[in-house]
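Reading through the structure tokens given below for one structure.
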Amino acid sequence: MSLYFIAVVPHQELREKARNFSKDFAERFNSVKSYKNFPHITLIKPFHFDENKEDVLVGNFSEMNLKSSPFEIFLKNFGCFPNKDKPVIFINPENKQELQSLYDEVQPKMNFHSYGKLNPHLTVAYKDLSPENFQKAWEEYQTKTFEESFLVDKICLFKHFNGKWNLLKIKNLE
């Protein structure tokens with residue numbers, strides 16, 4: 001079994017801006033996990049699939065007949081999941097309904113167990129952000145401003161191998 005997930009990935013310039021925030025968390029708040037990852041908004045969370053049947057997965061992904069048209073996502077400021085053990089700080093998409101609609105369309109076509117309502121976000125610090133460092137970072141980031149947007153014109157299927165997420169297939173929205 002291998003691990004896969006489906007995400008929306010912003011353009012290179014925006015990814016670099018998000019990585020600069022993750023670098024700040026790595027350097028000042030001892031949270032390096034998100035800096036090692038790449039900026040994205042998860043559409044279908046990581047799932048296990050038989051690697052021997054990967055061609056079926058890629059085929060299903062490629063052949064989806066999606067009705068969603070490209071749309072702009074507006075990112076504004078920061079949000080958090082103040083989980084007791086594993087807090088998360090993220091860049092907040094303002095227009096979440098478009099992402100929810102895309103998820104509602106993709107999820108049944110890929111035959112995954114639904115996790116209901118999507119909670120879209122672009123993570124900049126997670127997993128190894130201690131509760132103490134979360135408090136310090138959130139004091140600063142809750143008032144920090146950030147505004148960008150990007151066109152969602154494709155979704156991407158990733159596979160985890162060699163210790164990182166690798167792009168497997170792109171599906172364009174038309």
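FYI, nothing fancy with the structure tokens labels: chains A, B, ... in order, residues from 1 per chain, ligands from 1 as they appear.
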Per residue of region 67-158 of chain A within 10 Å of region 14-18 of chain A, note the shortest atom pair and the distance in Å to one decimal, counting only C-alpha atoms, and order the rows by chain and increasing residue number, as JSON lines.
```
{"residue": "A:Phe90", "atom": "CA", "partner": "A:Ala18", "partner_atom": "CA", "distance": 9.3}
{"residue": "A:Ile91", "atom": "CA", "partner": "A:Ala18", "partner_atom": "CA", "distance": 8.1}
{"residue": "A:Leu122", "atom": "CA", "partner": "A:Ala18", "partner_atom": "CA", "distance": 8.2}
{"residue": "A:Thr123", "atom": "CA", "partner": "A:Ala18", "partner_atom": "CA", "distance": 8.5}
{"residue": "A:Val124", "atom": "CA", "partner": "A:Ala18", "partner_atom": "CA", "distance": 6.7}
{"residue": "A:Phe146", "atom": "CA", "partner": "A:Lys17", "partner_atom": "CA", "distance": 9.9}
{"residue": "A:Glu148", "atom": "CA", "partner": "A:Leu14", "partner_atom": "CA", "distance": 7.7}
{"residue": "A:Ser149", "atom": "CA", "partner": "A:Leu14", "partner_atom": "CA", "distance": 8.3}
{"residue": "A:Phe150", "atom": "CA", "partner": "A:Leu14", "partner_atom": "CA", "distance": 7.9}
```
Convert the current residue selection to file output with N, CA and C atoms, as a tab-separated table (two decimals), in the first residue's frame.
```tsv
chain	number	residue	atom	x	y	z
A	90	PHE	N	-2.26	28.50	9.53
A	90	PHE	CA	-2.43	28.43	8.08
A	90	PHE	C	-2.81	29.78	7.50
A	91	ILE	N	-2.68	29.88	6.18
A	91	ILE	CA	-3.21	31.01	5.42
A	91	ILE	C	-4.64	30.65	5.07
A	122	LEU	N	-4.22	26.61	3.81
A	122	LEU	CA	-2.87	26.47	3.28
A	122	LEU	C	-1.92	26.53	4.48
A	123	THR	N	-1.47	25.38	4.91
A	123	THR	CA	-0.69	25.25	6.14
A	123	THR	C	0.69	25.91	6.02
A	124	VAL	N	1.07	26.64	7.07
A	124	VAL	CA	2.43	27.18	7.14
A	124	VAL	C	3.19	26.67	8.37
A	146	PHE	N	-2.04	39.35	5.22
A	146	PHE	CA	-1.58	38.69	3.99
A	146	PHE	C	-2.75	38.65	3.04
A	148	GLU	N	-3.49	37.56	-1.11
A	148	GLU	CA	-3.07	37.07	-2.42
A	148	GLU	C	-4.24	36.31	-3.02
A	149	SER	N	-4.12	35.98	-4.28
A	149	SER	CA	-5.11	35.12	-4.91
A	149	SER	C	-4.40	34.28	-5.96
A	150	PHE	N	-5.06	33.20	-6.35
A	150	PHE	CA	-4.53	32.38	-7.44
A	150	PHE	C	-5.67	31.67	-8.14
```
* Which polymer residues have any atom within 7 Å of an atom of Asp153 (chain A), counting only C-alpha atoms, with same-chain residues fewer than 5 positions away left out, as a list in words? -> Pro70, Phe71, Asn172 and Leu173 of chain A
* To do: Please provide the set of residues having any atom within 10 Å of Asn92 (chain A), restricted to only C-alpha atoms, with same-chain residues fewer than 6 positions apart removed, written as a list in words.
  => Phe74, Leu75, Lys76, Asn77, Phe78, Gly79, Cys80, Pro120, His121, Leu122, Thr123, Phe146 and Glu147 of chain A
* **strand (DSSP E) call set, DSSP backbone run, chain A, as a ChimeraX atom specification** => /A:2-8,41-49,71-81,88-93,122-125,147-152,154-161,164-172
* To do: Using only C-alpha atoms, determine which residues lie at most 12 Å from Leu43 (chain A), disregarding the query and same-chain residues fewer than 5 positions distant; provide the list as a PyMOL selection string.
  => chain A and resi 4-9+96+98-107+110+112+114-122+152+154-158
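Put simply, CA of Lys53 (chain A) is 27.4 Å away from CA of Glu174 (chain A).
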